[in-house]
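S.K.: Pasting a structure here, questions to come.
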Amino acid sequence: MDLFEKLLTNRGPLGSHSHYAHGYFTFPKLEGEIAPRMKFRGKEVLTWSLNNYLGLANHPEVRKADAEAAAEWGMAYPMGARIMSGNTNYHEKLEAELAEFVQKPDALLLNFGYQGVVSIIDALVDRHDVIVYDAESHACIIDGLRLHQGKRFVYAHNDMASLEKQLERATRWAENTGGAILVITEGVFGMSGNLGSLDKVVALKEKFNFRLFVDDAHGFGTMGKTGAGTGEHLNCQDGIDVYFSTFAKSMASIGAFVAADEQVVEYLRYNMRSQIFAKSLPMPLVIGALKRLELLRTKPELKDQLWTVVDALQSGLREKGFNIGTTTSPVTPVFLNGQIPDATQLTLDLRENFNIFCSIVVYPVVPKDVIMLRLIPTAAHTLDDVKETIDAFEKIAQKLDKGLYSKSPVTA
């Protein structure tokens, strides 16, 4: 078979729906200033789909810093990979400040979060080593695991008995190969909003010899007393050996970092292929990240406002009888019973008639006959936004219960 013919015959689990989903359910275009209310297909919608947790995307100090840095440096400087010609004092300053903020000795700046996680895993382990990872790990972790030439074991999500069993298997395997064990989990799981049981994982170090790598993309800036992340929130930051976060969430930008002991960071600096062979992060993004990190440190009211909105949204949904799972983070899933046609019509109704834009998740990400609406509250939302959304959700839930979405298509 011709390669392209095969691709057109089997378009993949998402691509198979592109003929009707593209531009609306997939690849939608939100236009205007990044804010709780934006334009979708020409009309204003209240959006809950942006990971702009602290509202920094359009913070005036951030916009000013970004603009001034772009005017002074342009988007090209520095040219080349950092190891060759792309290093600057600003890059190193950002690394030092990130390390201090997350309470680690050193940090390494990365170009992208997804690429960074894949490359960290690739650099840390070899074919003799064993990886043990949470079953609900993000796709970037799974893709990193695919590069691993050694053994890997998966444990049931946040199940410490399952983790202990897999660590026993991993220990036996590592003893035979002369390798080591790396445990990988997340600080905040981006779909369910569950926190990784980091304190319990760390406690298992008393019984097993392993190192812990935590992807805290959704926890950085939102969790912990200072915003240093889920490890700070659970009082176990010291037990995290390799700490990662992206700038794409609380920092509302591009880039990422990994923090650890100096020797580990030094090793990664000289062995992470995604950084060695890629152009350095442009200067405006670095200077912009310094400003964002400054606001994380000096304006705790941003995180306080985020949690005011989170608490109002989650408590309000629970009071109205909605199932939001066991989230203890800003990520707010709403679970409903229905099939994919119901989900399609429900989403149309929300967007077209209630002007509410949120992400929708169906099988195979969630079980069959389950619809998950995923809400991301931010510091930029208001309590009026929360009330409007809960009122709309009550109405669409009543329609769903009556089977109205299955009986007839919804029109705007």
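Ordering of the structure tokens sets the chain letters (A, B, ...); residue numbers start at 1 within each chain; ligands are numbered from 1 in the order shown.
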Running DSSP on the backbone, which parts of stretch 117-296 of chain A land in alpha helix (DSSP H), as a VMD selection string?
M.R.: chain A and resid 117 to 124 139 to 147 160 to 177 198 to 203 230 to 233 262 to 269 273 to 276 283 to 296
S.K.: Show which residues sit within 9 Å of A:Ala343, as a list in words. Count only C-alpha atoms, and ignore same-chain residues fewer than 4 positions away.
M.R.: Gly338, Gln339, Thr347, Leu348, Ile360, Val361, Val362, Val370, Ile371, Met372 and Tyr405 of chain A
S.K.: Restrict the selected residues to all heavy atoms and save them as a CSV table (one decimal), in the first residue's frame.
M.R.:
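Contents of again.csv, as written:
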```
chain,number,residue,atom,x,y,z
A,338,GLY,N,-24.0,10.4,29.2
A,338,GLY,CA,-24.5,10.6,27.9
A,338,GLY,C,-23.5,10.0,26.9
A,338,GLY,O,-22.4,9.6,27.2
A,339,GLN,N,-23.9,9.9,25.6
A,339,GLN,CA,-23.1,9.4,24.6
A,339,GLN,C,-22.6,10.5,23.7
A,339,GLN,O,-22.9,11.7,23.9
A,339,GLN,CB,-23.9,8.4,23.8
A,339,GLN,CG,-24.4,7.2,24.6
A,339,GLN,CD,-25.2,6.2,23.8
A,339,GLN,OE1,-25.7,6.5,22.7
A,339,GLN,NE2,-25.4,5.0,24.3
A,347,THR,N,-22.8,20.5,23.6
A,347,THR,CA,-21.8,21.5,23.4
A,347,THR,C,-22.3,22.6,22.5
A,347,THR,O,-22.0,23.8,22.7
A,347,THR,CB,-20.5,20.9,22.8
A,347,THR,OG1,-20.0,19.8,23.6
A,347,THR,CG2,-19.4,21.9,22.6
A,348,LEU,N,-23.0,22.3,21.4
A,348,LEU,CA,-23.6,23.3,20.6
A,348,LEU,C,-24.5,24.2,21.3
A,348,LEU,O,-24.5,25.4,21.2
A,348,LEU,CB,-24.4,22.6,19.4
A,348,LEU,CG,-23.6,22.1,18.2
A,348,LEU,CD1,-24.4,21.1,17.4
A,348,LEU,CD2,-23.1,23.2,17.4
A,360,ILE,N,-14.7,19.9,26.0
A,360,ILE,CA,-15.5,18.7,26.2
A,360,ILE,C,-14.7,17.5,25.9
A,360,ILE,O,-13.9,17.5,25.0
A,360,ILE,CB,-16.8,18.7,25.3
A,360,ILE,CG1,-17.7,17.6,25.6
A,360,ILE,CG2,-16.4,18.7,23.8
A,360,ILE,CD1,-19.1,17.8,25.0
A,361,VAL,N,-14.8,16.4,26.8
A,361,VAL,CA,-14.0,15.2,26.7
A,361,VAL,C,-14.9,14.0,26.6
A,361,VAL,O,-15.9,13.9,27.4
A,361,VAL,CB,-13.1,15.1,27.9
A,361,VAL,CG1,-12.2,13.9,27.7
A,361,VAL,CG2,-12.2,16.4,28.0
A,362,VAL,N,-14.7,13.1,25.7
A,362,VAL,CA,-15.5,11.9,25.5
A,362,VAL,C,-14.6,10.7,25.4
A,362,VAL,O,-13.4,10.8,25.4
A,362,VAL,CB,-16.5,12.1,24.3
A,362,VAL,CG1,-17.5,13.2,24.5
A,362,VAL,CG2,-15.7,12.3,23.0
A,370,VAL,N,-20.0,8.5,29.2
A,370,VAL,CA,-19.6,9.6,30.1
A,370,VAL,C,-19.2,10.8,29.3
A,370,VAL,O,-18.5,10.7,28.3
A,370,VAL,CB,-18.5,9.2,31.1
A,370,VAL,CG1,-18.0,10.4,31.8
A,370,VAL,CG2,-18.9,8.1,32.0
A,371,ILE,N,-19.7,12.0,29.6
A,371,ILE,CA,-19.3,13.2,29.0
A,371,ILE,C,-18.6,14.0,30.1
A,371,ILE,O,-19.2,14.2,31.2
A,371,ILE,CB,-20.6,14.0,28.5
A,371,ILE,CG1,-21.3,13.2,27.5
A,371,ILE,CG2,-20.1,15.4,28.0
A,371,ILE,CD1,-22.7,13.8,27.2
A,372,MET,N,-17.4,14.5,29.8
A,372,MET,CA,-16.8,15.4,30.8
A,372,MET,C,-16.6,16.8,30.2
A,372,MET,O,-16.0,17.0,29.2
A,372,MET,CB,-15.4,14.8,31.2
A,372,MET,CG,-14.7,15.6,32.3
A,372,MET,SD,-13.1,15.0,32.7
A,372,MET,CE,-12.1,15.9,31.6
A,405,TYR,N,-31.4,16.1,24.0
A,405,TYR,CA,-30.3,16.2,23.0
A,405,TYR,C,-30.2,15.0,22.1
A,405,TYR,O,-29.7,15.2,21.0
A,405,TYR,CB,-29.0,16.3,23.8
A,405,TYR,CG,-28.8,17.6,24.5
A,405,TYR,CD1,-28.5,17.6,25.9
A,405,TYR,CD2,-28.9,18.8,23.9
A,405,TYR,CE1,-28.4,18.8,26.6
A,405,TYR,CE2,-28.8,20.0,24.6
A,405,TYR,CZ,-28.5,20.0,25.9
A,405,TYR,OH,-28.4,21.2,26.6
```
S.K.: Considering only strand (DSSP E or B) as DSSP defines it on the backbone, what residues of stretch 177-392 of chain A qualify? List them as a PyMOL selection string.
M.R.: chain A and resi 181-186+188+195+211-215+242-246+256-260+323+332-337+356-357+359-361+370-375
S.K.: Need the shell around A:Trp307: protein/DNA/RNA residues with any atom at most 9 Å away, counting only C-alpha atoms. Skip same-chain ones fewer than 6 positions apart. Format as a list in words?
M.R.: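 Counting only the stated atoms, we get Thr222, Ser329, Pro330, Pro377, Thr378 and Ala379 of chain A.
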S.K.: Only N, CA, C and O atoms, please: the residues just picked out, written as a PDB file, in the first residue's frame.
M.R.:
```
ATOM      1  N   THR A 222       0.054  27.645  41.241  1.00  0.00           N
ATOM      2  CA  THR A 222      -1.311  27.527  41.765  1.00  0.00           C
ATOM      3  C   THR A 222      -1.379  26.814  43.110  1.00  0.00           C
ATOM      4  O   THR A 222      -2.313  27.032  43.878  1.00  0.00           O
ATOM      5  N   SER A 329      -7.721  20.739  43.028  1.00  0.00           N
ATOM      6  CA  SER A 329      -6.897  21.734  42.339  1.00  0.00           C
ATOM      7  C   SER A 329      -7.836  22.640  41.549  1.00  0.00           C
ATOM      8  O   SER A 329      -9.045  22.418  41.506  1.00  0.00           O
ATOM      9  N   PRO A 330      -7.318  23.667  40.883  1.00  0.00           N
ATOM     10  CA  PRO A 330      -8.194  24.509  40.068  1.00  0.00           C
ATOM     11  C   PRO A 330      -8.886  23.769  38.920  1.00  0.00           C
ATOM     12  O   PRO A 330      -9.973  24.165  38.497  1.00  0.00           O
ATOM     13  N   PRO A 377     -10.871  27.557  35.832  1.00  0.00           N
ATOM     14  CA  PRO A 377     -11.059  28.892  36.414  1.00  0.00           C
ATOM     15  C   PRO A 377      -9.738  29.644  36.479  1.00  0.00           C
ATOM     16  O   PRO A 377      -8.666  29.035  36.591  1.00  0.00           O
ATOM     17  N   THR A 378      -9.791  30.950  36.417  1.00  0.00           N
ATOM     18  CA  THR A 378      -8.593  31.788  36.479  1.00  0.00           C
ATOM     19  C   THR A 378      -8.839  32.971  37.409  1.00  0.00           C
ATOM     20  O   THR A 378      -9.982  33.265  37.785  1.00  0.00           O
ATOM     21  N   ALA A 379      -7.757  33.664  37.722  1.00  0.00           N
ATOM     22  CA  ALA A 379      -7.867  34.858  38.559  1.00  0.00           C
ATOM     23  C   ALA A 379      -8.603  35.978  37.838  1.00  0.00           C
ATOM     24  O   ALA A 379      -9.056  36.936  38.476  1.00  0.00           O
TER      25      ALA A 379
END
```
S.K.: Skipping near chain neighbours, those fewer than 2 positions away, what residues fall within 12 Å of A:Asp384 using only C-alpha atoms, listed as an MDAnalysis selection string?
M.R.: chainID A and resid 36 46 309 312:313 380:382 386:391
S.K.: Using only all heavy atoms, please write the residues we just selected to a file, as a CSV table (one decimal), in the first residue's frame.
M.R.:
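Now in selection-v8.csv:
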```csv
chain,number,residue,atom,x,y,z
A,36,PRO,N,-11.6,36.2,30.1
A,36,PRO,CA,-12.7,35.3,30.3
A,36,PRO,C,-13.8,35.4,29.2
A,36,PRO,O,-14.4,34.4,28.9
A,36,PRO,CB,-13.3,35.8,31.7
A,36,PRO,CG,-12.1,36.4,32.4
A,36,PRO,CD,-11.3,37.0,31.3
A,46,LEU,N,-18.3,33.3,27.2
A,46,LEU,CA,-17.6,33.2,28.4
A,46,LEU,C,-16.8,31.9,28.4
A,46,LEU,O,-17.3,30.8,28.3
A,46,LEU,CB,-18.6,33.1,29.6
A,46,LEU,CG,-18.1,32.9,31.0
A,46,LEU,CD1,-17.0,33.9,31.4
A,46,LEU,CD2,-19.2,32.9,32.0
A,309,VAL,N,-12.2,32.1,43.1
A,309,VAL,CA,-13.0,31.7,41.9
A,309,VAL,C,-13.2,30.2,41.9
A,309,VAL,O,-14.3,29.6,41.7
A,309,VAL,CB,-12.5,32.2,40.6
A,309,VAL,CG1,-13.3,31.7,39.4
A,309,VAL,CG2,-12.4,33.7,40.6
A,312,ALA,N,-15.6,29.1,44.7
A,312,ALA,CA,-17.0,29.4,44.3
A,312,ALA,C,-17.5,28.5,43.3
A,312,ALA,O,-18.7,28.0,43.3
A,312,ALA,CB,-17.1,30.9,43.9
A,313,LEU,N,-16.7,28.2,42.2
A,313,LEU,CA,-17.2,27.4,41.1
A,313,LEU,C,-17.4,26.0,41.6
A,313,LEU,O,-18.5,25.4,41.3
A,313,LEU,CB,-16.1,27.4,40.0
A,313,LEU,CG,-16.4,26.5,38.8
A,313,LEU,CD1,-17.7,27.0,38.1
A,313,LEU,CD2,-15.2,26.5,37.8
A,380,ALA,N,-8.7,35.9,36.5
A,380,ALA,CA,-9.4,36.9,35.7
A,380,ALA,C,-10.9,36.7,35.7
A,380,ALA,O,-11.7,37.7,35.4
A,380,ALA,CB,-8.9,36.9,34.3
A,381,HIS,N,-11.4,35.6,36.1
A,381,HIS,CA,-12.9,35.3,36.2
A,381,HIS,C,-13.5,36.1,37.4
A,381,HIS,O,-12.8,36.4,38.3
A,381,HIS,CB,-13.2,33.9,36.3
A,381,HIS,CG,-13.0,33.1,35.0
A,381,HIS,ND1,-11.9,32.4,34.6
A,381,HIS,CD2,-13.9,33.0,33.9
A,381,HIS,CE1,-12.1,31.8,33.4
A,381,HIS,NE2,-13.3,32.2,33.0
A,382,THR,N,-14.8,36.3,37.3
A,382,THR,CA,-15.5,36.9,38.5
A,382,THR,C,-16.5,35.9,39.0
A,382,THR,O,-16.8,34.9,38.4
A,382,THR,CB,-16.2,38.2,38.0
A,382,THR,OG1,-17.2,37.8,37.1
A,382,THR,CG2,-15.2,39.1,37.3
A,386,VAL,N,-19.0,32.9,37.4
A,386,VAL,CA,-19.3,31.6,38.0
A,386,VAL,C,-20.8,31.3,38.1
A,386,VAL,O,-21.3,30.3,37.7
A,386,VAL,CB,-18.7,31.5,39.5
A,386,VAL,CG1,-19.2,30.3,40.2
A,386,VAL,CG2,-17.2,31.5,39.4
A,387,LYS,N,-21.6,32.3,38.5
A,387,LYS,CA,-23.0,32.2,38.7
A,387,LYS,C,-23.7,31.9,37.3
A,387,LYS,O,-24.5,31.0,37.1
A,387,LYS,CB,-23.7,33.4,39.3
A,387,LYS,CG,-25.2,33.3,39.5
A,387,LYS,CD,-25.7,34.5,40.2
A,387,LYS,CE,-27.2,34.3,40.5
A,387,LYS,NZ,-28.0,33.9,39.3
A,388,GLU,N,-23.3,32.7,36.3
A,388,GLU,CA,-23.8,32.5,34.9
A,388,GLU,C,-23.6,31.1,34.4
A,388,GLU,O,-24.4,30.5,33.8
A,388,GLU,CB,-23.1,33.6,34.0
A,388,GLU,CG,-23.6,33.5,32.6
A,388,GLU,CD,-22.9,34.5,31.7
A,388,GLU,OE1,-22.4,35.5,32.2
A,388,GLU,OE2,-22.9,34.3,30.5
A,389,THR,N,-22.4,30.6,34.7
A,389,THR,CA,-22.0,29.3,34.2
A,389,THR,C,-22.8,28.2,34.9
A,389,THR,O,-23.3,27.2,34.3
A,389,THR,CB,-20.5,29.0,34.4
A,389,THR,OG1,-19.8,30.0,33.7
A,389,THR,CG2,-20.1,27.7,33.9
A,390,ILE,N,-22.9,28.3,36.2
A,390,ILE,CA,-23.7,27.2,37.0
A,390,ILE,C,-25.1,27.2,36.5
A,390,ILE,O,-25.8,26.2,36.4
A,390,ILE,CB,-23.5,27.4,38.5
A,390,ILE,CG1,-22.1,27.2,38.9
A,390,ILE,CG2,-24.5,26.5,39.3
A,390,ILE,CD1,-21.8,27.5,40.3
A,391,ASP,N,-25.7,28.4,36.3
A,391,ASP,CA,-27.1,28.5,35.9
A,391,ASP,C,-27.3,27.8,34.5
A,391,ASP,O,-28.2,27.1,34.3
A,391,ASP,CB,-27.5,30.0,35.7
A,391,ASP,CG,-27.7,30.7,37.1
A,391,ASP,OD1,-27.7,29.9,38.1
A,391,ASP,OD2,-27.7,31.9,37.2
```
S.K.: Tell me which protein, DNA and RNA residues are within 6 Å of A:Arg374, counting only C-alpha atoms, leaving out same-chain ones fewer than 5 positions away, and put them as a PyMOL selection string.
M.R.: chain A and resi 332-333+359
S.K.: Would you mind listing what lies within 10 Å of stretch 111-113 of chain A as a list of chain:residue names, with only C-alpha atoms counted and same-chain residues fewer than 6 positions away left out?
M.R.: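 In the requested form, the answer reads A:Ser119, A:Cys140, A:Asp215, A:Ala217, A:Phe244, A:Ser245, A:Thr246, A:Phe247, A:Ala248, A:Ile254, A:Gly255, A:Ala256, A:Phe257, A:Val258, A:Ser274, A:Gln275, A:Ala278, A:Lys279, A:Ser280, A:Leu281, A:Pro282, A:Leu285.
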S.K.: Now that the selection is made, can you save its residues with C-alpha atoms as a PDB file, in the first residue's frame?
M.R.:
```pdb
ATOM      1  CA  SER A 119      13.919  14.712  26.515  1.00  0.00           C
ATOM      2  CA  CYS A 140       4.394  13.902  27.039  1.00  0.00           C
ATOM      3  CA  ASP A 215       5.627  16.951  36.103  1.00  0.00           C
ATOM      4  CA  ALA A 217       2.680  21.812  34.956  1.00  0.00           C
ATOM      5  CA  PHE A 244       9.483  20.077  36.042  1.00  0.00           C
ATOM      6  CA  SER A 245       7.019  22.744  34.975  1.00  0.00           C
ATOM      7  CA  THR A 246       6.035  24.570  31.841  1.00  0.00           C
ATOM      8  CA  PHE A 247       5.497  28.307  31.361  1.00  0.00           C
ATOM      9  CA  ALA A 248       2.336  27.595  29.344  1.00  0.00           C
ATOM     10  CA  ILE A 254       6.268  29.683  26.111  1.00  0.00           C
ATOM     11  CA  GLY A 255       9.100  27.688  27.658  1.00  0.00           C
ATOM     12  CA  ALA A 256       9.685  25.401  30.619  1.00  0.00           C
ATOM     13  CA  PHE A 257      12.269  24.388  33.193  1.00  0.00           C
ATOM     14  CA  VAL A 258      13.580  21.435  35.151  1.00  0.00           C
ATOM     15  CA  SER A 274      16.237  18.607  22.673  1.00  0.00           C
ATOM     16  CA  GLN A 275      18.263  21.494  24.116  1.00  0.00           C
ATOM     17  CA  ALA A 278      17.806  23.371  19.339  1.00  0.00           C
ATOM     18  CA  LYS A 279      17.949  27.156  19.171  1.00  0.00           C
ATOM     19  CA  SER A 280      18.002  29.009  22.479  1.00  0.00           C
ATOM     20  CA  LEU A 281      14.791  30.496  23.865  1.00  0.00           C
ATOM     21  CA  PRO A 282      14.443  34.022  22.380  1.00  0.00           C
ATOM     22  CA  LEU A 285      10.436  35.200  26.183  1.00  0.00           C
TER      23      LEU A 285
END
```
S.K.: Find the residue from A:Asn158, A:Glu294, A:Lys395, A:Asp216 that sits nearest to A:Val62; use only C-alpha atoms when measuring.
M.R.: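 The closest residue to A:Val62 is A:Glu294.
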S.K.: Can you work out which one of A:Phe335, A:Phe4, A:Phe220, A:Phe101 has the shortest atom-to-atom distance to A:Ser250, counting only C-alpha atoms?
M.R.: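 Ranking A:Phe335, A:Phe4, A:Phe220, A:Phe101 by distance to A:Ser250, first place goes to A:Phe220.
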S.K.: Take atom CA of A:Ile376 and atom CA of A:Glu136 and report the distance between them in Å, one decimal.
M.R.: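 Here the two named atoms are 18.9 Å from each other.
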S.K.: Quick one, how far is atom CA of A:Phe27 from atom CA of A:Gly221?
M.R.: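 Between atom CA of A:Phe27 and atom CA of A:Gly221 the gap is 27.3 Å.
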